[in-house]
Amino acid sequence: MLKEQFTGHGRVVLLAGGGRIYTDIAARFVRSERSLDEIIASPYSKRIVDNILNSGHGAALEFDYFLFGVEGYSRVTEVQLVRKRMASYLIKSGRAELGGKRVFSVVYPRSVADFTAEVTLPNNGKVKLSGRDLADLSRQWYEAGLDAHLPEQDLRYLKPQATEFKAIIGMNAHALRDWFSIRCCLNAQDEIRDLANKMRKLCVKAAPDLFRGSGPSCVQLGYCPENRLQNEKCRGKVPTRDEALAILKRYRKCEFPADDADGESE
């Protein structure tokens with residue numbers, strides 16, 4: 001039987017992270033003349049964490065690590081997720097031989113599940129199929145392959161991208177803030193943006209000092225770096241990078257007017 005889920009209902013659990021923060025301790029090693037024992041024994045300093053965030057020097061953030069459990073997302077999102085290199089992933093295997101006990105679970109937008117189109121079959125017959133029908137045909141074909149004793153590592157080649165994946169994800173705070181800047185953006189696909197926003201919400205709750213001001217690039221930078229690719233919902237509301245630079249140039253021109261013809265400042 002087909003197990004159907006719709007995008008936007010994926011589940012994210014924070015397994016580890018937050019509590020004791022180590023970013024301030026890591027930062028102390030850069031300039032402190034105190035001994036190792038003294039640095040380790042130092043009380044937590046929110047001021048140091050704020051200085052790290054405000055300076056943009058995020059290396060110390062890499063000493064705070066977060067683990068997440070994820071389920072209810074599609075392989076489409078998995079492919080986008082693993083493009084982040086500064087992270088660790090263990091993803092449920094689609095290769096292991098489970099003897100027909102594997103759940104054929106799919107995750108897709110409701111619009112795709114309900115959309116029906118006429119398709120031509122190999123025998124030239126025509127039939128109308130919905131996205132849900134296609135997913136269930138894949139399931140039937142897969143189960144027939146199991147009955148024929150084909151290996152699951154071969155059968156999975158024809159499973160849809162809508163197939164659900166489960167994973168454990170590990171990222172440090174620096175990588176997470178960078179990932180949020182890209183995947184919380186309105187230009188990100190809906191499902192991975194849902195994942196990023198749920199992860200960010202958990203991080204803000206667990207370690208508010210580390211994730212102050214986190215979110216899409218426009219939140220972190222004050223402008224949109226995507227310029228002509230800026231999401232249409234943001235146009236006129238958030239300046240692009242080029243617009244922000246133009247404002248800065250006008251400001252600098254007012255503050256530092258050009259030299260006069262004699263080479264003297266006005």
# chains A, B, ... in the order shown; residues from 1 in each chain; ligands from 1
>>> select_by_dssp(residues="stretch 4-243 of chain A", states="helix (DSSP H, G or I)", output="MDAnalysis selection string")
chainID A and resid 23:31 36:41 46:55 58:63 75:81 110:114 131:147 152:158 173:183 190:206 217:221 227:229 241:243
>>> write_last_selection(atoms="C-alpha atoms", output="short mmCIF file (atom, residue, chain, number, x, y, z; two decimals), in the first residue's frame")
data_model
loop_
_atom_site.label_atom_id
_atom_site.label_comp_id
_atom_site.auth_asym_id
_atom_site.auth_seq_id
_atom_site.Cartn_x
_atom_site.Cartn_y
_atom_site.Cartn_z
CA THR A 23 32.10 29.58 20.86
CA ASP A 24 33.23 32.03 23.55
CA ILE A 25 35.85 29.58 24.86
CA ALA A 26 37.16 28.98 21.33
CA ALA A 27 37.36 32.73 20.71
CA ARG A 28 39.39 33.27 23.89
CA PHE A 29 42.20 31.10 22.53
CA VAL A 30 42.91 33.67 19.81
CA ARG A 31 43.97 36.55 22.08
CA LEU A 36 44.49 26.70 29.28
CA ASP A 37 42.94 25.84 32.64
CA GLU A 38 41.95 29.47 33.21
CA ILE A 39 40.35 29.75 29.78
CA ILE A 40 38.38 26.55 30.26
CA ALA A 41 37.20 27.67 33.71
CA LYS A 46 27.53 36.51 25.81
CA ARG A 47 29.54 39.63 24.97
CA ILE A 48 32.24 37.54 23.26
CA VAL A 49 29.62 35.65 21.23
CA ASP A 50 28.02 38.95 20.20
CA ASN A 51 31.43 40.27 19.15
CA ILE A 52 31.98 37.17 17.01
CA LEU A 53 28.61 37.61 15.27
CA ASN A 54 29.08 41.34 14.77
CA SER A 55 32.60 40.98 13.39
CA GLY A 58 32.71 32.97 12.39
CA ALA A 59 35.47 30.39 12.86
CA ALA A 60 34.80 30.13 16.60
CA LEU A 61 31.17 29.19 15.81
CA GLU A 62 32.44 25.90 14.42
CA PHE A 63 33.02 24.59 17.94
CA ARG A 75 14.57 12.73 -2.12
CA VAL A 76 14.22 16.02 -4.02
CA THR A 77 15.08 17.83 -0.80
CA GLU A 78 17.79 15.29 0.09
CA VAL A 79 19.66 16.12 -3.13
CA GLN A 80 19.59 19.84 -2.29
CA LEU A 81 20.47 19.23 1.35
CA ARG A 110 -0.82 18.05 -3.08
CA SER A 111 -1.12 19.79 -6.47
CA VAL A 112 1.12 17.14 -8.06
CA ALA A 113 -0.73 14.28 -6.40
CA ASP A 114 -4.11 15.51 -7.67
CA GLY A 131 0.38 11.94 -9.79
CA ARG A 132 -0.96 9.65 -7.08
CA ASP A 133 -1.68 6.99 -9.72
CA LEU A 134 1.89 7.21 -11.02
CA ALA A 135 3.31 6.82 -7.53
CA ASP A 136 1.12 3.80 -6.89
CA LEU A 137 2.09 2.23 -10.22
CA SER A 138 5.72 2.60 -9.16
CA ARG A 139 4.88 0.85 -5.92
CA GLN A 140 3.17 -2.02 -7.71
CA TRP A 141 6.10 -2.44 -10.10
CA TYR A 142 8.57 -2.35 -7.19
CA GLU A 143 6.66 -4.98 -5.22
CA ALA A 144 6.41 -7.19 -8.32
CA GLY A 145 10.19 -6.92 -8.62
CA LEU A 146 10.57 -8.05 -5.02
CA ASP A 147 8.30 -11.03 -5.71
CA GLU A 152 16.36 -3.89 -3.98
CA GLN A 153 19.55 -2.04 -4.91
CA ASP A 154 18.52 -2.53 -8.57
CA LEU A 155 14.81 -1.87 -8.15
CA ARG A 156 15.42 1.48 -6.43
CA TYR A 157 16.71 2.96 -9.70
CA LEU A 158 13.11 3.49 -10.81
CA ALA A 173 26.76 26.79 14.14
CA HIS A 174 28.85 28.51 11.46
CA ALA A 175 27.67 26.12 8.75
CA LEU A 176 24.07 26.37 9.97
CA ARG A 177 24.00 30.16 9.81
CA ASP A 178 25.42 30.00 6.30
CA TRP A 179 22.90 27.31 5.28
CA PHE A 180 20.00 29.31 6.73
CA SER A 181 21.09 32.33 4.68
CA ILE A 182 20.52 30.31 1.49
CA ARG A 183 17.72 27.91 2.32
CA ASP A 190 9.29 25.25 -0.63
CA GLU A 191 10.19 21.90 0.93
CA ILE A 192 13.83 22.63 1.75
CA ARG A 193 12.84 26.07 3.02
CA ASP A 194 10.39 24.32 5.35
CA LEU A 195 13.22 22.09 6.57
CA ALA A 196 15.59 25.04 7.07
CA ASN A 197 13.01 27.12 8.93
CA LYS A 198 12.17 24.25 11.28
CA MET A 199 15.85 23.63 11.97
CA ARG A 200 16.44 27.32 12.57
CA LYS A 201 13.50 27.55 14.97
CA LEU A 202 14.97 24.70 17.03
CA CYS A 203 18.42 26.32 17.00
CA VAL A 204 17.10 29.71 18.11
CA LYS A 205 15.29 28.06 21.01
CA ALA A 206 18.30 25.94 22.03
CA SER A 217 20.71 36.58 3.52
CA CYS A 218 18.60 39.73 3.56
CA VAL A 219 18.12 39.38 7.33
CA GLN A 220 21.81 38.79 7.97
CA LEU A 221 23.16 41.37 5.50
CA ASN A 227 20.24 41.24 -7.46
CA ARG A 228 18.18 40.52 -10.63
CA LEU A 229 17.33 37.05 -9.29
CA ARG A 241 23.15 44.48 -3.33
CA ASP A 242 23.48 46.86 -6.30
CA GLU A 243 20.80 49.16 -4.88
#
>>> residues_around(residues="stretch 6-19 of chain A", least_positions_apart="6", cutoff="6 Å", atoms="only C-alpha atoms", output="count of residues only")
15
>>> closest_residue(among="A:Ala148, A:Val103, A:Ala162, A:Ala87", to="A:Ser74", atoms="only C-alpha atoms")
A:Ala162
>>> atom_distance(atom1="atom CA of A:Asp64", atom2="atom CA of A:Leu186")
27.2 Å
>>> atom_distance(atom1="atom CA of A:Ser214", atom2="atom CA of A:Gly170")
17.7 Å
>>> residues_around(residues="A:Gln230", least_positions_apart="3", cutoff="10 Å", atoms="only C-alpha atoms", output="list in words")
Cys185, Leu186, Asn187, Cys224, Pro225, Glu226, Asn227, Lys233, Cys234, Arg235, Val238, Pro239, Thr240 and Arg241 of chain A
>>> closest_residue(among="A:Leu150, A:Ile168, A:Ser105, A:Ser42", to="A:Ser88", atoms="only C-alpha atoms")
A:Ile168
>>> atom_distance(atom1="atom CA of A:Glu164", atom2="atom CA of A:Gln189")
16.4 Å
>>> select_by_dssp(residues="stretch 17-235 of chain A", states="strand (DSSP E or B)", output="number ranges by chain")
A: 65-74, 88-91, 105-108, 116-120, 126-130, 163-172, 224
>>> closest_residue(among="A:Asn231, A:Pro151, A:Asn172, A:Gln5", to="A:Arg95", atoms="only C-alpha atoms")
A:Pro151
